[in-house]
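One structure is given below, encoded as structure tokens.
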Amino acid sequence: MCEFEKKVWNGLIECGLQLDSPAGKVIGGGQRIGVAVSGGADSVSLLLSLSQFFSPLYVITVNHNIRPASESRGDVDFVLEVCERLRREGRQIECDVVELERGAVAAEAEKRGGGIEEAARYLRYAAFGRFVTERGLDALCLAHNRNDQLETVLMRFLQGSPAEAAAGIRARRECFIRPLLGVTRREIEEYVASRGFEWRTDKTNYETDYLRNKIRLKLVPFLDENFSGWQTAVLNGAQKAAEDSRLIQSCIEKYPLVLTKDGSVELPFSDFLSAPDAVKYRLLLEACNKAGETSRIPHQFLKDVISVFNNKTANNYDYSFSKHFSDIDIICEKNHLFVKKHTENNTDLFFSDIIEETGTFEFPFGFLNVFNYREQNGQGFVSVSAAEGSVIDCVPIPFLVRNTGPGDTVICADKSEKKVSDIFSDWHVSSAERPLIPVIQILNEKSQSIKAVLGGFLGYKDWIVKL
């Protein structure tokens with residue numbers, strides 16, 4: 001057993017597997033173990049190392065059919081070739097190929113209201129779950145490694161994720177285990193090469209349209225060059241976040257969430273009022289998920305709900321209110337607090353308001369903050385932000401806040417124009433969320449152009465035009 005294989009072995013134990021002493025060639029202790037293989041270096045290294053421990057070893061590869069057929073089918077054929085080569089070397093390998101119909105991922109993305117990547121992941125894990133059941137597996141190994149963990153922690157930090165998400169990728173979740181989380185990508189590639197094997201590379205890994213790729217290709221090299229020791233610090237921070245998350249989760253479990261006959265979720269009102277804000281936030285988030293909300297719930301929206309309770313005085317016990325976001329309503333009436341699915345279709349949502357002064361203004365998407373008034377040549381200017389998104393400076397007042405309409409365009413850096421609908425497509429904004437994203441329109445000019453598209457409060461980007 002080489003050093004790499006020892007790390008994988010230890011990773012399996014850290015994931016909770018009960019294994020025999022690594023004395024012989026086949027040392028899996030009779031457990032039925034599977035591995036998901038895409039053809040990349042990570043999953044190939046896992047396949048090669050696990051084949052040293054388990055016999056038989058069960059392999060699954062999924063063709064999402066979202067890339068050209070020559071690429072996606074090429075990955076499948078490559079995985080089959082690696083499995084066949086291992087069989088010729090005396091390993092007992094059984095490989096299942098799952099072929100998704102072309103267009104299935106796009107249809108699932110439309111159905112779920114998310115992007116292509118999220119839909120592909122959902123369908124992939126559904127296939128993994130079926131594979132585990134049909135093969136009667138004790139665990140399915142996934143190839144996330146130390147570099148993936150670092151990228152995930154950085155990404156969730158930049159997205160303002162709570163402690164449980166900031167903790168990064170979990171080593172084990174139900175039947176899925178990740179024994180490579182302590183192994184670097186360099187170690188992985190060196191191991192595969194030392195075994196005389198190759199791997200496939202997805203060319204989309206080098207595109208910076210997605211946040212993870214941007215972190216991998218731009219932020220990580222910058223940190224490596226300028227901040228020695230940053231990786232250890234980030235991983236230590238993630239571990240502390242995981243510990244905090246476990247503590248908060250143990251607190252949440254003390255508060256019962258009751259599913260009512262109409263499908264809404266009732267929270268324990270008096271206990272909720274007395275809970276710390278961190279617990280309130282996670283109770284609301286868990287209630288939203290239990291009520292059937294699958295899209296991202298902005299932190300600011302839940303923070304605004306909590307502030308309604310916190311701002312009540314001892315002489316004011318009227319907690320009746322209703323807050324709406326996307327497909328969720330949070331309703332408080334007569335000392336009862338409910339979360340329920342919203343029945344109105346967001347495609348019918350319309351809002352438009354002219355802002356003439358500083359202050360905080362409530363819209364269907366949440367709160368718009370207008371501040372920092374100053375004058376220049378007789379014209380008033382302000383700064384604007386939606387929830388905790390980017391700050392837009394030098395906005396002349398009055399200005400218009402509205403959701404987008406057909407034909408809306410914004411100015412690009414090269415002075416060309418781009419359709420807002422195309423920006424939404426680039427950001428992978430679901431049809432349900434598009435009506436919630438506001439634009440800032442300038443009124444003191446003849447063209448009345450759009451100054452900003454504010455997607456940051458939903459976890460997307462903010463498109464800000466420098467006028």
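Residues are referred to by chain and number: the chain letter is A, B, ... according to the order shown in the structure tokens, the number counts from 1 in that chain, and ligands are numbered separately from 1 in the order shown.
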
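Around A:Ser51, within 12 Å and counting only C-alpha atoms, the residues found are A:Met1, A:Glu5, A:Val8, A:Trp9, A:Lys25, A:Val26, A:Ile27, A:Gly28, A:Ile33, A:Gly34, A:Val35, A:Val44, A:Ser45, A:Leu57, A:Tyr58, A:Val59, A:Val82, A:Cys83, A:Arg85, A:Leu86, A:Arg87, A:Glu89, A:Gly90, A:Arg91, A:Gln92, A:Ile93, A:Glu94, once anything fewer than 6 positions away on its own chain is removed.
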
Discussion item. Just list as an NGL selection string whatever in stretch 84-302 of chain A DSSP marks as strand (DSSP E).
Written reply: :A and (93-99 or 139-141 or 172-173 or 176-177 or 258-259 or 265-267)

Fill in: A:Asp42 surroundings by only C-alpha atoms, 8 Å radius, close-in-sequence under 3 positions cut, as a ChimeraX atom specification
/A:45-46,143-145,185,188-189

Fill in: Residue nearest A:Thr61 among A:Val37, A:Leu80, A:Val370, A:Ile331 (counting only C-alpha atoms)
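Counting only C-alpha atoms, the residue closest to A:Thr61 is A:Val37.
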
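Minimum atom-to-atom distance to A:Ser194, evaluated using only C-alpha atoms, belongs to A:Glu3 out of A:Phe350, A:Gln448, A:Ser264, A:Glu3.
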